[in-house]
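Peer 1: There's a structure below that I have some questions on.
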2 protein chains.
Amino acid sequence: MRVLGIDPGSRYLGYGLVEWRGRAAAHVTSGVLKAEASQPLHRRLLRLSNQLQAVFELYQPDAVAVEGVFTHKNARSALILGHARCVPLLLAAQAGLEVYEYAPSRVKKSVGAGGGDSKDSVARMVARLLSLPNDFQRADVSDALAVALCHVHSLRMPRASTSGARRGAADSFLARLKPSVVRAAS
Amino acid sequence: MRVLGIDPGSRYLGYGLVEWRGRAAAHVTSGVLKAEASQPLHRRLLRLSNQLQAVFELYQPDAVAVEGVFTHKNARSALILGHARCVPLLLAAQAGLEVYEYAPSRVKKSVGAGGGDSKDSVARMVARLLSLPNDFQRADVSDALAVALCHVHSLRMPRASTSGARRGAADSFLARLKPSVVRAAS
């Protein structure tokens, strides 16, 4: 099972592919796609779409995961984000894949970063969980890997989304993924 | 010169193709594309994208025009609108076409409906200007035709977008399009 996590943006699009291998999630590939800020929006979207399509074709994900947007203070930035989110959604639909959305707080908890922690904390935990150096090119990359891990988690622990047991379920998941990492992070 | 006007939405996408023929703009085709509300967003976007791509292939527009979004009160609906707007922008970019955006007030003025008038007024004026019955399936269709007409207008009257002479420029344009209609509407 390969899950492609995506952190969309109209200039930078982070992606991270994670594979569930029996008892642990492994990093397959990740990176950031870029579009020239000087280009008009429709050309930026095309540039990102073409690059992301190449990722889909090269790595053949089984599912796509993105952060859901549940609140947004600024309508203008929400509008731009909407354009950017459409790119992975369309490509996923074209490939016949399902798209899974997770609340940002759930994504953070899923990697053990805690709901209120910073992007640095997410990056640190993602690096530990996937045995990667914590030198992600941008937070978009670690955020994309985090949402991919969150989906892998939800597959392994389908009850994590119900009741007040989210945190416990996340801990259990982390424990099964990499026990030593969980201890180090707690 | 064929201009495809689009009024995007995540359930209904209005389109209207207008051709400039020397001294007048003529209606080529128009309609509304639909996506099932029961489908998840990524499948709705794909459905609309596939249908709109067929319109592009069948009618070979030279340019695409959409209403710009300059203010939006609700961030949630702005986010959904952003997803929906991405569909025509991506298809236009894939076809190598430029995308032109016009303020809603300018679109209304361009067809002689006045900035504060209702969608009914836009539909009535679009029907008159293009010699169509005023029985558009949805306002999305007349709005799409209106923004296409607005772009044709801007091509003929490039100064319309500057200074306080917008209304006069729009009237002049309308006068050249269909003098009797302009009188009837004034």
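Chain lettering (A, B, ...) mirrors the order of the structure tokens, residue numbering begins at 1 for each chain separately, and ligand numbering begins at 1 in order of display.
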Would you pick out the contacts of region 63-67 of chain B at 7 Å or less, using only C-alpha atoms, so that residues sharing its chain but fewer than 3 positions from it are not included, and give the list as a PyMOL selection string?

Peer 2: chain B and resi 2-7+92+97-104+147-148+151

Peer 1: Next, write the just-selected residues to a file, as a tab-separated table (two decimals), in the first residue's frame, keeping N, CA and C atoms as the atom set.

Peer 2:
chain	number	residue	atom	x	y	z
B	2	ARG	N	-12.80	33.37	-31.29
B	2	ARG	CA	-13.82	32.70	-30.47
B	2	ARG	C	-13.43	32.79	-28.99
B	3	VAL	N	-14.32	33.32	-28.20
B	3	VAL	CA	-14.05	33.48	-26.77
B	3	VAL	C	-14.99	32.58	-25.98
B	4	LEU	N	-14.41	31.74	-25.15
B	4	LEU	CA	-15.21	30.86	-24.30
B	4	LEU	C	-15.31	31.48	-22.91
B	5	GLY	N	-16.51	31.95	-22.58
B	5	GLY	CA	-16.75	32.47	-21.23
B	5	GLY	C	-17.16	31.33	-20.32
B	6	ILE	N	-16.69	31.38	-19.09
B	6	ILE	CA	-16.99	30.29	-18.15
B	6	ILE	C	-17.42	30.86	-16.80
B	7	ASP	N	-18.50	30.30	-16.27
B	7	ASP	CA	-18.94	30.63	-14.91
B	7	ASP	C	-18.76	29.35	-14.08
B	92	ALA	N	-7.48	25.54	-20.04
B	92	ALA	CA	-7.01	26.62	-20.91
B	92	ALA	C	-5.50	26.56	-21.05
B	97	LEU	N	-3.97	28.39	-24.18
B	97	LEU	CA	-4.79	29.61	-24.31
B	97	LEU	C	-4.54	30.57	-23.14
B	98	GLU	N	-4.79	31.83	-23.40
B	98	GLU	CA	-4.73	32.81	-22.34
B	98	GLU	C	-6.07	32.85	-21.60
B	99	VAL	N	-6.00	33.23	-20.33
B	99	VAL	CA	-7.21	33.38	-19.53
B	99	VAL	C	-7.35	34.85	-19.15
B	100	TYR	N	-8.51	35.41	-19.40
B	100	TYR	CA	-8.76	36.82	-19.09
B	100	TYR	C	-9.81	36.91	-18.00
B	101	GLU	N	-9.52	37.74	-17.00
B	101	GLU	CA	-10.44	37.90	-15.88
B	101	GLU	C	-11.03	39.30	-15.89
B	102	TYR	N	-12.30	39.38	-15.59
B	102	TYR	CA	-12.98	40.68	-15.52
B	102	TYR	C	-13.79	40.79	-14.25
B	103	ALA	N	-13.75	41.96	-13.66
B	103	ALA	CA	-14.54	42.21	-12.46
B	103	ALA	C	-16.02	42.04	-12.78
B	104	PRO	N	-16.79	41.45	-11.85
B	104	PRO	CA	-18.23	41.26	-12.09
B	104	PRO	C	-18.94	42.55	-12.51
B	147	VAL	N	-19.52	37.16	-19.72
B	147	VAL	CA	-18.08	37.40	-19.55
B	147	VAL	C	-17.35	37.20	-20.88
B	148	ALA	N	-17.89	36.32	-21.73
B	148	ALA	CA	-17.32	36.17	-23.07
B	148	ALA	C	-17.53	37.46	-23.87
B	151	HIS	N	-15.15	40.12	-22.80
B	151	HIS	CA	-13.80	40.02	-23.36
B	151	HIS	C	-13.78	40.49	-24.81

Peer 1: Within region 19-176 of chain B, find each residue whose DSSP state, derived from the backbone, is strand (DSSP E or B), and express the selection as number ranges by chain.

Peer 2: B: 19-21, 24-34, 63-67, 99-102

Peer 1: Next, write the just-selected residues to a file, as a short mmCIF file (atom, residue, chain, number, x, y, z; two decimals), in the first residue's frame, keeping C-alpha atoms as the atom set.

Peer 2:
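So out00.cif came out as:
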data_model
loop_
_atom_site.label_atom_id
_atom_site.label_comp_id
_atom_site.auth_asym_id
_atom_site.auth_seq_id
_atom_site.Cartn_x
_atom_site.Cartn_y
_atom_site.Cartn_z
CA GLU B 19 -17.50 34.62 -31.93
CA TRP B 20 -16.59 38.07 -33.15
CA ARG B 21 -17.71 38.40 -36.77
CA ALA B 24 -21.04 41.84 -34.26
CA ALA B 25 -20.63 39.10 -31.71
CA ALA B 26 -22.49 35.89 -32.46
CA HIS B 27 -23.52 33.03 -30.22
CA VAL B 28 -21.87 29.73 -31.12
CA THR B 29 -22.82 27.43 -28.28
CA SER B 30 -23.58 27.52 -24.58
CA GLY B 31 -24.78 25.28 -21.82
CA VAL B 32 -24.28 24.02 -18.33
CA LEU B 33 -22.15 21.08 -17.23
CA LYS B 34 -23.26 19.19 -14.16
CA ALA B 63 -9.28 32.56 -25.50
CA VAL B 64 -11.01 31.90 -22.18
CA ALA B 65 -12.72 34.54 -20.04
CA VAL B 66 -13.86 34.18 -16.44
CA GLU B 67 -15.11 36.54 -13.80
CA VAL B 99 -7.21 33.38 -19.53
CA TYR B 100 -8.76 36.82 -19.09
CA GLU B 101 -10.44 37.90 -15.88
CA TYR B 102 -12.98 40.68 -15.52
#

Peer 1: How far is it from CA of Pro61 (chain A) to CA of Leu91 (chain A), in Å with one decimal?

Peer 2: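 For CA of Pro61 (chain A) relative to CA of Leu91 (chain A), the distance reads 11.4 Å.
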
Peer 1: Tell me the residues of chain A close to chain B, meaning within 10 Å using only C-alpha atoms, as a short mmCIF file (atom, residue, chain, number, x, y, z; two decimals) with N, CA and C atoms, in the first residue's frame.

Peer 2:
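iface-v1.cif written:
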data_model
loop_
_atom_site.label_atom_id
_atom_site.label_comp_id
_atom_site.auth_asym_id
_atom_site.auth_seq_id
_atom_site.Cartn_x
_atom_site.Cartn_y
_atom_site.Cartn_z
N PRO A 40 1.32 33.65 -14.66
CA PRO A 40 -0.08 33.75 -14.24
C PRO A 40 -0.56 32.42 -13.64
N LEU A 41 -1.62 32.52 -12.85
CA LEU A 41 -2.08 31.37 -12.08
C LEU A 41 -2.34 30.13 -12.94
N HIS A 42 -2.98 30.30 -14.11
CA HIS A 42 -3.30 29.10 -14.90
C HIS A 42 -2.05 28.38 -15.39
N ARG A 43 -0.97 29.13 -15.63
CA ARG A 43 0.26 28.47 -16.06
C ARG A 43 0.97 27.80 -14.87
N ARG A 44 0.87 28.43 -13.70
CA ARG A 44 1.45 27.80 -12.50
C ARG A 44 0.74 26.47 -12.21
N LEU A 45 -0.57 26.49 -12.31
CA LEU A 45 -1.34 25.26 -12.05
C LEU A 45 -0.97 24.17 -13.04
N LEU A 46 -0.79 24.55 -14.29
CA LEU A 46 -0.42 23.56 -15.31
C LEU A 46 0.96 22.98 -15.02
N ARG A 47 1.89 23.86 -14.66
CA ARG A 47 3.26 23.41 -14.36
C ARG A 47 3.24 22.39 -13.21
N SER A 49 0.66 20.65 -12.19
CA SER A 49 -0.09 19.46 -12.60
C SER A 49 0.78 18.52 -13.43
N ASN A 50 1.56 19.08 -14.35
CA ASN A 50 2.41 18.24 -15.20
C ASN A 50 3.48 17.51 -14.37
N VAL A 69 -9.34 21.25 4.94
CA VAL A 69 -9.37 22.66 5.34
C VAL A 69 -10.71 22.87 6.04
N PHE A 70 -10.64 23.07 7.33
CA PHE A 70 -11.89 23.16 8.09
C PHE A 70 -12.17 24.59 8.52
N THR A 71 -11.13 25.35 8.68
CA THR A 71 -11.32 26.78 8.97
C THR A 71 -10.30 27.54 8.16
N HIS A 72 -10.67 28.73 7.74
CA HIS A 72 -9.74 29.57 7.01
C HIS A 72 -10.16 31.01 7.24
N LYS A 73 -9.26 31.79 7.78
CA LYS A 73 -9.63 33.16 8.15
C LYS A 73 -9.72 34.07 6.94
N ASN A 74 -8.87 33.83 5.95
CA ASN A 74 -8.74 34.78 4.86
C ASN A 74 -9.34 34.20 3.58
N ALA A 75 -10.40 34.84 3.09
CA ALA A 75 -11.11 34.33 1.92
C ALA A 75 -10.22 34.34 0.68
N ARG A 76 -9.37 35.36 0.56
CA ARG A 76 -8.51 35.47 -0.62
C ARG A 76 -7.52 34.29 -0.69
N SER A 77 -6.89 34.01 0.45
CA SER A 77 -5.93 32.89 0.44
C SER A 77 -6.66 31.56 0.35
N ALA A 78 -7.89 31.48 0.88
CA ALA A 78 -8.69 30.25 0.73
C ALA A 78 -9.00 30.01 -0.75
N LEU A 79 -9.27 31.08 -1.47
CA LEU A 79 -9.56 30.96 -2.91
C LEU A 79 -8.35 30.40 -3.66
N ILE A 80 -7.17 30.95 -3.37
CA ILE A 80 -5.94 30.47 -4.03
C ILE A 80 -5.66 29.02 -3.62
N LEU A 81 -5.82 28.73 -2.33
CA LEU A 81 -5.60 27.36 -1.87
C LEU A 81 -6.54 26.40 -2.58
N GLY A 82 -7.77 26.83 -2.81
CA GLY A 82 -8.73 25.99 -3.52
C GLY A 82 -8.23 25.63 -4.91
N HIS A 83 -7.72 26.62 -5.64
CA HIS A 83 -7.13 26.34 -6.96
C HIS A 83 -6.02 25.29 -6.84
N ALA A 84 -5.16 25.49 -5.85
CA ALA A 84 -3.99 24.61 -5.69
C ALA A 84 -4.40 23.20 -5.29
N ARG A 85 -5.42 23.07 -4.44
CA ARG A 85 -5.87 21.74 -4.00
C ARG A 85 -6.51 20.95 -5.14
N CYS A 86 -7.08 21.68 -6.08
CA CYS A 86 -7.75 21.01 -7.20
C CYS A 86 -6.77 20.16 -8.02
N VAL A 87 -5.52 20.59 -8.10
CA VAL A 87 -4.54 19.89 -8.94
C VAL A 87 -4.36 18.43 -8.50
N PRO A 88 -4.01 18.16 -7.23
CA PRO A 88 -3.89 16.75 -6.84
C PRO A 88 -5.23 16.01 -6.84
N LEU A 89 -6.32 16.71 -6.53
CA LEU A 89 -7.62 16.04 -6.52
C LEU A 89 -7.97 15.55 -7.93
N LEU A 90 -7.77 16.41 -8.92
CA LEU A 90 -8.07 16.03 -10.31
C LEU A 90 -7.19 14.86 -10.76
N LEU A 91 -5.89 14.94 -10.45
CA LEU A 91 -4.98 13.87 -10.88
C LEU A 91 -5.35 12.55 -10.21
N ALA A 92 -5.71 12.61 -8.93
CA ALA A 92 -6.12 11.40 -8.21
C ALA A 92 -7.35 10.80 -8.87
N ALA A 93 -8.32 11.67 -9.17
CA ALA A 93 -9.56 11.18 -9.80
C ALA A 93 -9.25 10.60 -11.18
N GLN A 94 -8.37 11.25 -11.92
CA GLN A 94 -8.02 10.74 -13.25
C GLN A 94 -7.35 9.36 -13.15
N GLY A 96 -8.09 7.24 -10.92
CA GLY A 96 -9.04 6.32 -10.29
C GLY A 96 -8.75 6.08 -8.81
N LEU A 97 -8.03 7.01 -8.18
CA LEU A 97 -7.67 6.84 -6.76
C LEU A 97 -8.63 7.58 -5.85
N GLU A 98 -8.72 7.09 -4.63
CA GLU A 98 -9.49 7.81 -3.61
C GLU A 98 -8.62 8.88 -2.97
N VAL A 99 -9.28 9.93 -2.50
CA VAL A 99 -8.59 11.01 -1.79
C VAL A 99 -9.07 11.02 -0.35
#

Peer 1: One decimal, Å: what's the distance from CA of Ala37 (chain A) over to CA of Asp135 (chain A), could you say?

Peer 2: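 Computing the Euclidean distance for CA of Ala37 (chain A) and CA of Asp135 (chain A) yields 24.1 Å.
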
Peer 1: Work out how far apart CA of Ala139 (chain A) and CA of Arg106 (chain A) are and give it in Å to one decimal.

Peer 2: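 Going from CA of Ala139 (chain A) over to CA of Arg106 (chain A), I get 17.2 Å.
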
Peer 1: Using DSSP on the backbone coordinates, identify all residues within region 6-183 of chain B classified as helix (DSSP H, G or I); present the result as number ranges by chain.

Peer 2: B: 41-59, 75-94, 104-110, 119-129, 139-156, 158-161, 166-177, 179-183

Peer 1: Which neighbours of Asn134 (chain A) fall inside 12 Å, counting only C-alpha atoms, when residues of the same chain fewer than 3 positions from it are skipped, and could you give them as a ChimeraX atom specification?

Peer 2: /A:119-131,137-139,141-142

Peer 1: Of the candidates A:Ala113, A:Ala95, A:Ala146, A:Leu132, which shows the shortest atom-to-atom distance to Gln53 (chain A), using only C-alpha atoms?

Peer 2: A:Ala95
